[in-house]
Amino acid sequence: MTERLTDIGPPHYEKFLPPVVKENYGKWKYHEILKPGVMVHVSESGAKLFTVRMASPRLLATDTIRWIADLAEKYCGGYLRWTSRNNVEFLLTDESNIDPLIGEIKKNGFIIGGMGNSISNIVHTQGWVHCHSSATDASGIVKAVMDDLSQHFENMDLPGKLRIALACCLNMCGAVHCSDIAILGTHQRPPRIEHDTLDKFCEIPNVVSACPTAAIRPATVDGKPSVEVLEENCMYCGNCYTVCPSMPLNNAETDGISIWVGGKVSDARSIPKFSKLAIPFIPNNPPRWPEVVEAVHNIVDVWAKNAKKYERMGDWIERIGWPEFFRLTGIEFTKYHIDDFKHAGLSFKRTAQMRHLPEE
Amino acid sequence: MTERLTDIGPPHYEKFLPPVVKENYGKWKYHEILKPGVMVHVSESGAKLFTVRMASPRLLATDTIRWIADLAEKYCGGYLRWTSRNNVEFLLTDESNIDPLIGEIKKNGFIIGGMGNSISNIVHTQGWVHCHSSATDASGIVKAVMDDLSQHFENMDLPGKLRIALACCLNMCGAVHCSDIAILGTHQRPPRIEHDTLDKFCEIPNVVSACPTAAIRPATVDGKPSVEVLEENCMYCGNCYTVCPSMPLNNAETDGISIWVGGKVSDARSIPKFSKLAIPFIPNNPPRWPEVVEAVHNIVDVWAKNAKKYERMGDWIERIGWPEFFRLTGIEFTKYHIDDFKHAGLSFKRTAQMRHLPEE
Amino acid sequence: MAASIEDVANAMFEIVKDGAGSKKYKPSDLTKMMVEKLETDKKTCKAAIKELVNSGRLVYTYFGGSFLEIPHKEGAAPD
Amino acid sequence: MADEKATPLLDELEKGPYPSFVREIKLAAKNNKMAAGVLHQLEKSYRDKIGYWKHGGIVGVMGYGGGVIGRYSALPDDFPEVAHFHTLRVNQPAGWFYTADVLRKICDMWDKHGSGLTNMHGSTGDMVLLGTRTEELESVFGELTKMGFDLGGSGSDVRTPSCCVGPARCEWACFDTLKTCYEITQHYQDELHRPAFPYKYKFKFAGCANDCVAAIARSDMSFIGTWKDDIQQDDEEIKNYAKAGLDIQSDVVENCPGKCMTWDPDNMKLTIDNSYCLKCMHCINVLPKALRPGKQRGVTILLGAKAPIVEGALLSSVLIPFYDIDNEGLDDLFELVEDGIWDVWTENGKNRERVGEFIQRVGMGNFLESIGLEPDPHMISHPRDNPYIFFDQEDEEEEA
Amino acid sequence: MADEKATPLLDELEKGPYPSFVREIKLAAKNNKMAAGVLHQLEKSYRDKIGYWKHGGIVGVMGYGGGVIGRYSALPDDFPEVAHFHTLRVNQPAGWFYTADVLRKICDMWDKHGSGLTNMHGSTGDMVLLGTRTEELESVFGELTKMGFDLGGSGSDVRTPSCCVGPARCEWACFDTLKTCYEITQHYQDELHRPAFPYKYKFKFAGCANDCVAAIARSDMSFIGTWKDDIQQDDEEIKNYAKAGLDIQSDVVENCPGKCMTWDPDNMKLTIDNSYCLKCMHCINVLPKALRPGKQRGVTILLGAKAPIVEGALLSSVLIPFYDIDNEGLDDLFELVEDGIWDVWTENGKNRERVGEFIQRVGMGNFLESIGLEPDPHMISHPRDNPYIFFDQEDEEEEA
Ligand code: SRM
Ligand code: SRM
Ligand code: SRM
Ligand code: SRM
Ligand code: SF4
Ligand code: SF4
Ligand code: SF4
Ligand code: SF4
Ligand code: SF4
Ligand code: SF4
Ligand code: SF4
Ligand code: SF4
């Protein structure tokens, strides 16, 4: 047996760079999007690198990865990459390979796009496929929503980029908190406390201090050390469950989804922003979550129709004002929309600047 | 003896309105500033009301009020008012009375102005003249600062309005927290606890809960119920003293002044804003507080030189950025400028949008 | 004389063993305790922890934060 | 100690172009011992860099819980004239209008019973009579009421309301600030004089978004005039301004926060997309002859402003986006204030918790529910960005 | 229970134009029992609207404290194939570049030892190998290291760093994101594999303010490329864009947050007042052939981003306004991170307190002092607006 290697770290990236990249590393001059999903980068040296971007469900079988590898071999000298939103990028130097490559991709049921002012892949998480913490599934909703929006993946027909993300619980793995549209798995009930096992599995002081709203306090139940939850102080964040398996929150009847809008990450034009609550709750409705699909579709449509060029969701809403956002989308404004966590007061409107519609 | 009247409220304002106001109440059409300190309001009816605005130290002797009354009688049919910034406004209908009135005012050592894009009176408070709570005097600093800035009261030579306010302690009587420049009496040491009297004068639970930073806890001292202050948690706000006379903070050695900038109240152009810390501390230096006078003068000058027309202090700073404000004014940026109270994190720069000067 | 890696590791192990079932320790907890109790530094503590884990005497566990524990039967929850 | 009568430090403050408060104190001190006392104690403060007043003092006029601030010298032996030095807060007439006559009467009274010193006015808006002795309080009060004046607030009560000059002299007043201020003051005489709240409650009334009385920053309940329809526009006057050299593009259009104006310099035509106008007043301020607020006028009512102590300063936030106060009157408002806001706040507020702090503590959503107002997106600058939503647990179909 | 093998609900998700994860699971399930198991358990989840995984699990590879997420089915009797279903987080190559060869090798290994299912990639950036049994972990690890791969982070350690494609393909990279990412990953192998912090610590590297790797939102330490001097400008190309119909005024100039551009349409001349440019990238994004970042390039380093649990979500905030990382190298940075930030945070942070929360708790001023950095106005969006200043009490000349 050979020596057990540890701490070698990832392989050096240079091993995987195509020759055209190695030669022009740091020397790219400009790029152009040639058509949806296809762009070219031109180097100071004149060299060109063509990129074809393919949608991916992220959850990939080895056979599909092999198929991707085969395509890369056939058209790209074996070179490819994934993007930060989990799309596949084929890296070509021979322009004439672009269309045949695309042909093969489409034949196998995959699509091309996600560049420029389009909707790219939905950044998402594990859901019922792998995580214990989820209030909803991830991949299923993503599939249903993207089926509905795929024309915006395959075309660049939007005012600006639109980034959607999904997280299956409030832990928010992914940049859900800063997305143009965020789909978030949401519990609606306090944890169930399994008093029998709690003391065995969990450190009570840790559990108590895990709660953002101080809803948990130590208690003795049937003679055993445990905790109790002040239900009116609980907002179902699930942090207690993260540190203590004996406090599960998931609930087939009451789990579901909330929708958030107007976040962004880039510093282009406006500074990064958090997503804000649009729809407090939509019940889980597998396999295709039609209410979620429709809600997202509606928001995308209203934005696409009304925003100016380059105007991201959040910038558009700031320009027209939140009252107008609710009016145009027909989404109901409720007390849930009004913040009541720590910095709540800072989201109250502390100005008399306001748009009033003239009396009807 | 006549019946003791109570709850009659203030006299009806109509009693004091000049006839031209009664006749044109709610019918004013437009106004014009004719020269510094003099404006005319023109009614739909064509009627004109001239206003002459005179600076006041706010603290007035009855003899001076009598002199003012005499002037009003002589030139204004006996009508006059005070403004929300404590200036006196003479209300004239006869334009030819303006200059003689101004002549008499000036002869008696008072000045005219405070209108339009100028510095008006400094809203201020009691200080050593009347309040137990003060960390500095009020009227003295106001006098010294306004002596220095009186040309900006008497002329309209500024980019926009500049509102200065002073409060002699953190209670901030006045709109100090929303002023272009705020001068604030500031303690630097925790309260002295007079254990002998504390239990007699103060309710200990009230005292404990008065502290914004939870620095106070009950304690028994020399057998008597009292409190102790965790000095490292105290930021000298004086709220404990407000509820408990046995915890004075004032200190001849360490009391002084902090300077704040960029607040505003009006909703014109930008929404109201709080003033932000410019200079954490300047020691008290009566009778003329030259360091304070100079600091304010400098800030006014830099703003006046650099702001665009109509640009209030805060809007100007937001346009150029705080680093540039500190650079232009030469004020040192310290750790004290970085917020560490409840919403501190919201004032951190959470963007990569930034101005860098090219390397020297 | 400064404590050896070995000494520190043994002392750490004892603490974790005594706490098993009631108190869990993070590497930083153990390091702080050692620096306080023994004549040692953070570097030695780090080496001691590596030693303990590589030898299998302690394992890293994760339940709302990473801890060092005596190896126990695997499963969804510690038992 | 040096010459008891000399005031070398304060004398420095008689110099300079701005009117001097020292001159005022000296003026009063000529005939008034109290004024002389405060002059000399103040000189000592200037020497020692510290104030010499004792904390508080429980004095007042009979039956009232507010309107007088008790004050005692910390050095009564050195300055016996100001051993007592209480102030009275006299409720000013709305808009601070006076006649020469009434001023003289007040002066005469104050020379007789007090220090001869005043603040015209205090920061809340009262006429402040600065310094008298306990035994004079009832006489002052008696003479004031005879003249038709009454005391203002202090302590945990309604504080003296104040308002901008409004329709009395300003072309931009979108509601009658003086009338509203007066009527509310009268309606709440009891609450003004008999403290029954967790803490103070201030009203201020500004006729438009210029907010000349700093209502949004200084009053628990802030009324700010606004309008709903289009800005009234006189195209000829706009041309006149442009011809006179005003740069409409840079001075007006580019400063519009609603970004809803366009200027056609060739035709000297200003176009306002009024549906995006934020009623900020800027364009009207710059072009007073050409632009005026619309005709459907009313107020925005905001709640909660206060100074920093304890939880940090607050500006008021929108409670009622639009209310046609001049036409609909005050009755509904009185109901909302008394049976809604004050009831809930007095019931649940902590000692010294201003209403703005209270709302932040209990949550705006809960507060609205408890006072029976519907949530409205105009109340917020943006919806929540944290996912910590307390869902109602109405249908509790789960295990108990 | 219905036909154990039927998946009518999931079958619905094979329909539609977007690539289907159900198709992927079925593909793997053809030859792999684990994949079949997850398919059927997932179908049950879809039926019952609830997940069926147990909480956590203490598994890993020898000596490491991270890189494996233990997972057990809550219904092991019904779905024995996924009784164990642990994932491995495999540290991806910087920039997610691969060759066909290496992908095939990984696939072969994973078919042999795992479920045949992957996430390409996880949200942090790892290649996620989705589902295997405890007894396979060491074999997978052995084969991975043989191929030159290693595990990424999980638990309270450095998490797998990731970066945008940067200079490998992007003309706007202001520093070498791949090299920096790789070197930091290598330097912190120990911290990545052996959790010793209060909580996780993520690094992300974006070559410019477009932030294509969402660094500012998702990494405790965010590196964002920027420049100091003037935007490189090619006036001819600007003319070409304008001639081609681009509206430079409305598309570029009016979107500039620095408000520092002017467009002269007559001379087709764009002027940038670079001293006011905020390096936001917008104009460059719209005019890639005409504008490019300046030549004095470096990074802004920001600290503290995280998801909402516990104290609410945070974006990173500026720690080092500008650092010429490509030329000055990483050594100073390593020192700041190890002897400064990590030391202070590990010493004083509470369990599960991210560094962003820690800074908010102890105060940025104190934090800077403790790590030996000078306060800089670039670190804040504005100075404090509350007067609650803790002054240093150095010269304690008062009574003890
Ligand atoms: C490939 C990728 C980087 C990588 O290392 O993988 C990438 C590549 C490019 N980005 Fe990006 N961005 C990538 C993720 C992002 C992200 C991160 C994310 O989405 O989570 C952002 C931040 C999004 C946000 O703000 O929420 C991002 C914000 C931008 C922007 C700014 C957009 C804006 O207006 O706010 C630009 C500029 C532009 O498009 O004009 C940009 C521009 C570009 C350019 C044009 C840069 C260049 O010259 O090569 C690249 C192609 C653009 C395109 O797809 O339209 N890239 N870009 C990522 C592709 C993700 C995907 O598959 O869709
Ligand atoms: C008399 C007074 C109202 C009163 O009831 O007493 C008043 C009267 C007028 N104000 Fe005011 N304002 C008065 C205090 C205020 C205040 C309150 C304060 O200073 O504490 C503000 C808010 C200041 C702030 O934002 O911090 C105020 C913000 C304005 C503005 C908006 C200024 C801005 O650009 O932000 C205008 C519009 C303008 O001047 O163009 C305005 C305009 C006016 C006009 C032109 C209104 C009119 O058409 O009659 C009046 C004369 C203006 C002048 O003095 O230049 N008034 N004005 C107050 C005079 C105070 C003084 O003696 O100086
Ligand atoms: C006289 C006056 C200052 C002045 O010179 O103008 C004043 C004087 C005092 N104020 Fe004030 N406040 C005065 C207007 C204000 C204002 C401005 C306003 O009302 O528009 C504020 C800020 C707005 C607000 O209400 O938040 C103000 C915020 C305070 C506070 C802080 C309250 C808070 O909730 O943050 C205190 C402390 C307290 O109430 O415990 C305070 C307390 C005090 C006390 C009673 C001192 C105390 O701790 O008990 C002062 C008595 C001084 C004296 O000896 O005469 N005073 N005080 C003002 C009242 C005159 C009048 O009736 O017209
Ligand atoms: C696998 C992955 C989601 C995915 O499908 O991509 C993931 C999965 C989990 N995350 Fe995450 N997180 C993943 C990226 C993230 C990200 C995004 C990122 O790193 O860019 C975030 C938000 C950024 C951040 O760190 O704040 C994230 C924020 C969390 C949190 C909240 C942490 C916080 O401080 O707010 C938790 C809860 C915790 O750590 O206690 C969490 C916890 C978890 C756990 C370990 C569940 C738990 O409670 O212990 C999940 C395991 C799921 C499973 O069964 O496989 N995960 N997690 C991502 C890691 C894959 C990878 O290594 O590439
Ligand atoms: S978001 Fe929640 S449920 Fe989804 S993978 Fe992350 S921790 Fe698990
Ligand atoms: S779910 Fe969240 S709020 Fe509710 S008890 Fe648990 S930790 Fe507290
Ligand atoms: S600011 Fe403070 S010291 Fe000045 S009058 Fe008000 S309470 Fe008194
Ligand atoms: S001065 Fe303020 S912070 Fe200090 S003990 Fe008193 S109340 Fe607390
Ligand atoms: S607030 Fe408006 S209405 Fe009142 S005086 Fe000022 S400008 Fe006129
Ligand atoms: S009032 Fe203000 S928002 Fe409305 S058009 Fe005029 S400047 Fe614009
Ligand atoms: S962050 Fe900037 S440098 Fe990196 S890929 Fe995106 S645009 Fe290019
Ligand atoms: S990079 Fe952004 S801030 Fe700088 S000139 Fe271009 S658009 Fe303006």
# chains A, B, ... in the order shown; residues from 1 in each chain; ligands from 1
call {"tool": "residues_near_ligand", "arguments": {"ligand": "ligand 1", "cutoff": "7 Å", "atoms": "only C-alpha atoms and all ligand atoms", "output": "count of residues only"}}
result
46
call {"tool": "select_by_dssp", "arguments": {"residues": "range 1-51 of chain A", "states": "strand (DSSP E)", "output": "compact mmCIF listing (two decimals) with N, CA and C atoms, in the first residue's frame"}}
result
# COMPACT_ATOMS: atom_id res chain seq x y z
N TRP A 28 -6.58 39.15 -22.25
CA TRP A 28 -7.84 39.32 -22.99
C TRP A 28 -8.15 40.80 -23.13
N LYS A 29 -8.68 41.13 -24.30
CA LYS A 29 -8.88 42.54 -24.60
C LYS A 29 -10.35 42.93 -24.52
N TYR A 30 -11.18 42.16 -25.14
CA TYR A 30 -12.63 42.43 -25.06
C TYR A 30 -13.38 41.15 -25.40
N HIS A 31 -14.68 41.20 -25.21
CA HIS A 31 -15.49 40.05 -25.60
C HIS A 31 -16.74 40.54 -26.29
N GLU A 32 -17.39 39.64 -26.95
CA GLU A 32 -18.66 39.93 -27.59
C GLU A 32 -19.56 38.72 -27.46
N ILE A 33 -20.82 38.97 -27.20
CA ILE A 33 -21.77 37.86 -27.23
C ILE A 33 -22.24 37.72 -28.66
N LEU A 34 -21.99 36.56 -29.25
CA LEU A 34 -22.28 36.40 -30.68
C LEU A 34 -23.74 36.05 -30.89
N LYS A 35 -24.24 35.22 -30.04
CA LYS A 35 -25.67 34.91 -30.02
C LYS A 35 -25.95 34.31 -28.66
N VAL A 38 -23.45 32.02 -26.66
CA VAL A 38 -22.16 31.92 -27.35
C VAL A 38 -21.44 33.25 -27.29
N MET A 39 -20.21 33.23 -26.79
CA MET A 39 -19.45 34.49 -26.80
C MET A 39 -18.02 34.22 -27.24
N VAL A 40 -17.38 35.31 -27.62
CA VAL A 40 -15.98 35.20 -28.01
C VAL A 40 -15.18 36.19 -27.18
N HIS A 41 -14.04 35.74 -26.72
CA HIS A 41 -13.08 36.64 -26.08
C HIS A 41 -11.90 36.79 -27.00
N VAL A 42 -11.50 38.04 -27.21
CA VAL A 42 -10.41 38.33 -28.14
C VAL A 42 -9.23 38.86 -27.35
N SER A 43 -8.08 38.30 -27.65
CA SER A 43 -6.88 38.67 -26.89
C SER A 43 -6.14 39.82 -27.55
N LYS A 48 -8.52 34.10 -30.37
CA LYS A 48 -9.93 34.10 -29.99
C LYS A 48 -10.29 32.84 -29.23
N LEU A 49 -11.13 33.03 -28.24
CA LEU A 49 -11.64 31.89 -27.48
C LEU A 49 -13.15 31.97 -27.53
N PHE A 50 -13.77 30.92 -28.02
CA PHE A 50 -15.23 30.88 -28.09
C PHE A 50 -15.77 30.07 -26.93
N THR A 51 -16.83 30.58 -26.32
CA THR A 51 -17.45 29.86 -25.21
C THR A 51 -18.89 29.54 -25.57
call {"tool": "interface_residues", "arguments": {"of": "chain A", "to": "chain B", "cutoff": "10 Å", "atoms": "only C-alpha atoms", "output": "list in words"}}
result
Val265, Ser266, Asp267, Ala268, Arg269, Ser270, Ile271, Pro272, Lys273, Lys342, His343, Leu346, Lys349, Arg350, Thr351, Ala352 and Gln353 of chain A
call {"tool": "interface_residues", "arguments": {"of": "chain B", "to": "chain D", "cutoff": "6 Å", "atoms": "only C-alpha atoms", "output": "JSON, numbers by chain"}}
result
{"B": [7, 9, 10, 11, 13, 16, 21, 25, 26, 28, 29, 30, 57, 58, 59, 60, 61, 62, 66, 69, 78, 79, 80, 81, 82, 84, 110, 128, 132, 147, 172, 174, 212, 245, 252, 265, 266, 267, 268, 269, 286, 287]}
call {"tool": "residues_near_ligand", "arguments": {"ligand": "ligand 6", "cutoff": "7 Å", "atoms": "only C-alpha atoms and all ligand atoms", "output": "PyMOL selection string"}}
result
chain A and resi 190-191+210-216+229+233-241
call {"tool": "interface_residues", "arguments": {"of": "chain C", "to": "chain E", "cutoff": "9 Å", "atoms": "only C-alpha atoms", "output": "PyMOL selection string"}}
result
chain C and resi 26-29+32+46+50-56+59-68+72-78
call {"tool": "residues_near_ligand", "arguments": {"ligand": "ligand 5", "cutoff": "8 Å", "atoms": "only C-alpha atoms and all ligand atoms", "output": "PyMOL selection string"}}
result
chain A and resi 124-128+130-136+138+166-174+185
call {"tool": "write_last_selection", "arguments": {"atoms": "N, CA, C and O atoms", "output": "mmCIF file, in the first residue's frame"}}
result
data_model
loop_
_atom_site.group_PDB
_atom_site.id
_atom_site.type_symbol
_atom_site.label_atom_id
_atom_site.label_comp_id
_atom_site.auth_asym_id
_atom_site.auth_seq_id
_atom_site.Cartn_x
_atom_site.Cartn_y
_atom_site.Cartn_z
ATOM 1 N N HIS A 124 -28.971 26.704 -6.498
ATOM 2 C CA HIS A 124 -29.846 26.051 -5.529
ATOM 3 C C HIS A 124 -29.111 25.049 -4.674
ATOM 4 O O HIS A 124 -27.891 24.933 -4.753
ATOM 5 N N THR A 125 -29.856 24.330 -3.913
ATOM 6 C CA THR A 125 -29.291 23.560 -2.811
ATOM 7 C C THR A 125 -29.821 22.128 -2.842
ATOM 8 O O THR A 125 -30.194 21.632 -3.897
ATOM 9 N N GLN A 126 -29.860 21.443 -1.713
ATOM 10 C CA GLN A 126 -30.113 19.999 -1.723
ATOM 11 C C GLN A 126 -31.584 19.607 -1.636
ATOM 12 O O GLN A 126 -32.032 18.668 -2.305
ATOM 13 N N GLY A 127 -32.316 20.242 -0.786
ATOM 14 C CA GLY A 127 -33.722 19.866 -0.630
ATOM 15 C C GLY A 127 -33.884 18.422 -0.191
ATOM 16 O O GLY A 127 -33.056 17.873 0.537
ATOM 17 N N TRP A 128 -34.959 17.820 -0.653
ATOM 18 C CA TRP A 128 -35.287 16.463 -0.215
ATOM 19 C C TRP A 128 -34.330 15.409 -0.769
ATOM 20 O O TRP A 128 -34.358 14.257 -0.364
ATOM 21 N N HIS A 130 -31.084 15.502 -0.363
ATOM 22 C CA HIS A 130 -29.986 15.183 0.555
ATOM 23 C C HIS A 130 -30.027 15.829 1.918
ATOM 24 O O HIS A 130 -29.333 15.392 2.829
ATOM 25 N N CYS A 131 -30.799 16.877 2.123
ATOM 26 C CA CYS A 131 -30.628 17.581 3.391
ATOM 27 C C CYS A 131 -31.722 17.258 4.395
ATOM 28 O O CYS A 131 -32.883 17.088 4.052
ATOM 29 N N HIS A 132 -31.330 17.212 5.658
ATOM 30 C CA HIS A 132 -32.270 16.928 6.740
ATOM 31 C C HIS A 132 -33.072 18.157 7.128
ATOM 32 O O HIS A 132 -34.048 18.070 7.855
ATOM 33 N N SER A 133 -32.635 19.304 6.674
ATOM 34 C CA SER A 133 -33.117 20.554 7.239
ATOM 35 C C SER A 133 -34.216 21.192 6.393
ATOM 36 O O SER A 133 -34.853 22.154 6.804
ATOM 37 N N SER A 134 -34.477 20.637 5.233
ATOM 38 C CA SER A 134 -35.250 21.339 4.207
ATOM 39 C C SER A 134 -36.737 21.488 4.524
ATOM 40 O O SER A 134 -37.370 20.585 5.054
ATOM 41 N N ALA A 135 -37.258 22.632 4.129
ATOM 42 C CA ALA A 135 -38.690 22.895 4.243
ATOM 43 C C ALA A 135 -39.377 22.654 2.911
ATOM 44 O O ALA A 135 -40.593 22.776 2.791
ATOM 45 N N THR A 136 -38.579 22.337 1.904
ATOM 46 C CA THR A 136 -39.128 22.074 0.577
ATOM 47 C C THR A 136 -38.053 21.366 -0.218
ATOM 48 O O THR A 136 -36.933 21.207 0.249
ATOM 49 N N ALA A 138 -35.495 21.243 -3.571
ATOM 50 C CA ALA A 138 -34.768 22.263 -4.322
ATOM 51 C C ALA A 138 -34.869 21.981 -5.825
ATOM 52 O O ALA A 138 -35.460 22.753 -6.588
ATOM 53 N N LEU A 166 -32.461 29.584 -5.111
ATOM 54 C CA LEU A 166 -33.377 28.854 -4.237
ATOM 55 C C LEU A 166 -32.595 28.241 -3.089
ATOM 56 O O LEU A 166 -31.513 27.700 -3.281
ATOM 57 N N ALA A 167 -33.157 28.354 -1.896
ATOM 58 C CA ALA A 167 -32.598 27.619 -0.762
ATOM 59 C C ALA A 167 -33.751 26.937 -0.058
ATOM 60 O O ALA A 167 -34.841 27.505 0.047
ATOM 61 N N CYS A 168 -33.495 25.741 0.441
ATOM 62 C CA CYS A 168 -34.603 24.936 0.942
ATOM 63 C C CYS A 168 -34.866 25.175 2.425
ATOM 64 O O CYS A 168 -35.803 24.622 2.984
ATOM 65 N N CYS A 169 -34.028 25.986 3.064
ATOM 66 C CA CYS A 169 -34.371 26.385 4.428
ATOM 67 C C CYS A 169 -33.680 27.708 4.734
ATOM 68 O O CYS A 169 -32.878 28.205 3.933
ATOM 69 N N LEU A 170 -33.939 28.248 5.905
ATOM 70 C CA LEU A 170 -33.418 29.574 6.233
ATOM 71 C C LEU A 170 -31.901 29.633 6.381
ATOM 72 O O LEU A 170 -31.336 30.732 6.478
ATOM 73 N N ASN A 171 -31.230 28.474 6.390
ATOM 74 C CA ASN A 171 -29.770 28.519 6.381
ATOM 75 C C ASN A 171 -29.253 29.208 5.115
ATOM 76 O O ASN A 171 -28.164 29.754 5.085
ATOM 77 N N MET A 172 -30.055 29.144 4.067
ATOM 78 C CA MET A 172 -29.780 29.875 2.823
ATOM 79 C C MET A 172 -28.426 29.570 2.215
ATOM 80 O O MET A 172 -27.643 30.488 1.920
ATOM 81 N N CYS A 173 -28.137 28.271 2.055
ATOM 82 C CA CYS A 173 -26.952 27.906 1.290
ATOM 83 C C CYS A 173 -27.123 28.485 -0.111
ATOM 84 O O CYS A 173 -28.093 28.174 -0.792
ATOM 85 N N GLY A 174 -26.210 29.298 -0.563
ATOM 86 C CA GLY A 174 -26.355 29.974 -1.853
ATOM 87 C C GLY A 174 -26.543 31.462 -1.599
ATOM 88 O O GLY A 174 -26.647 31.892 -0.468
ATOM 89 N N GLY A 185 -37.365 27.969 1.056
ATOM 90 C CA GLY A 185 -38.114 27.009 1.866
ATOM 91 C C GLY A 185 -38.367 27.586 3.245
ATOM 92 O O GLY A 185 -37.443 28.097 3.880
#
call {"tool": "decode", "arguments": {"residues": "range 23-48 of chain C", "atoms": "C-alpha atoms", "output": "short mmCIF file (atom, residue, chain, number, x, y, z; two decimals), in the first residue's frame"}}
result
data_model
loop_
_atom_site.label_atom_id
_atom_site.label_comp_id
_atom_site.auth_asym_id
_atom_site.auth_seq_id
_atom_site.Cartn_x
_atom_site.Cartn_y
_atom_site.Cartn_z
CA LYS C 23 -19.68 18.75 27.71
CA LYS C 24 -18.21 19.04 24.25
CA TYR C 25 -14.99 20.88 23.52
CA LYS C 26 -13.87 22.81 20.50
CA PRO C 27 -10.19 22.82 19.60
CA SER C 28 -10.02 26.44 20.71
CA ASP C 29 -11.52 25.54 24.12
CA LEU C 30 -8.87 22.93 24.67
CA THR C 31 -6.13 25.21 23.46
CA LYS C 32 -7.20 27.96 25.81
CA MET C 33 -7.32 25.55 28.74
CA MET C 34 -3.88 24.16 27.97
CA VAL C 35 -2.28 27.55 27.54
CA GLU C 36 -3.74 28.49 30.90
CA LYS C 37 -2.85 25.28 32.73
CA LEU C 38 0.38 24.08 31.18
CA GLU C 39 3.45 25.84 30.05
CA THR C 40 2.61 25.68 26.38
CA ASP C 41 1.64 27.67 23.32
CA LYS C 42 -0.93 27.55 20.58
CA LYS C 43 1.40 25.87 18.12
CA THR C 44 2.06 22.96 20.43
CA CYS C 45 -1.64 22.63 21.09
CA LYS C 46 -2.33 22.51 17.38
CA ALA C 47 0.24 19.77 16.96
CA ALA C 48 -1.21 17.89 19.90
#
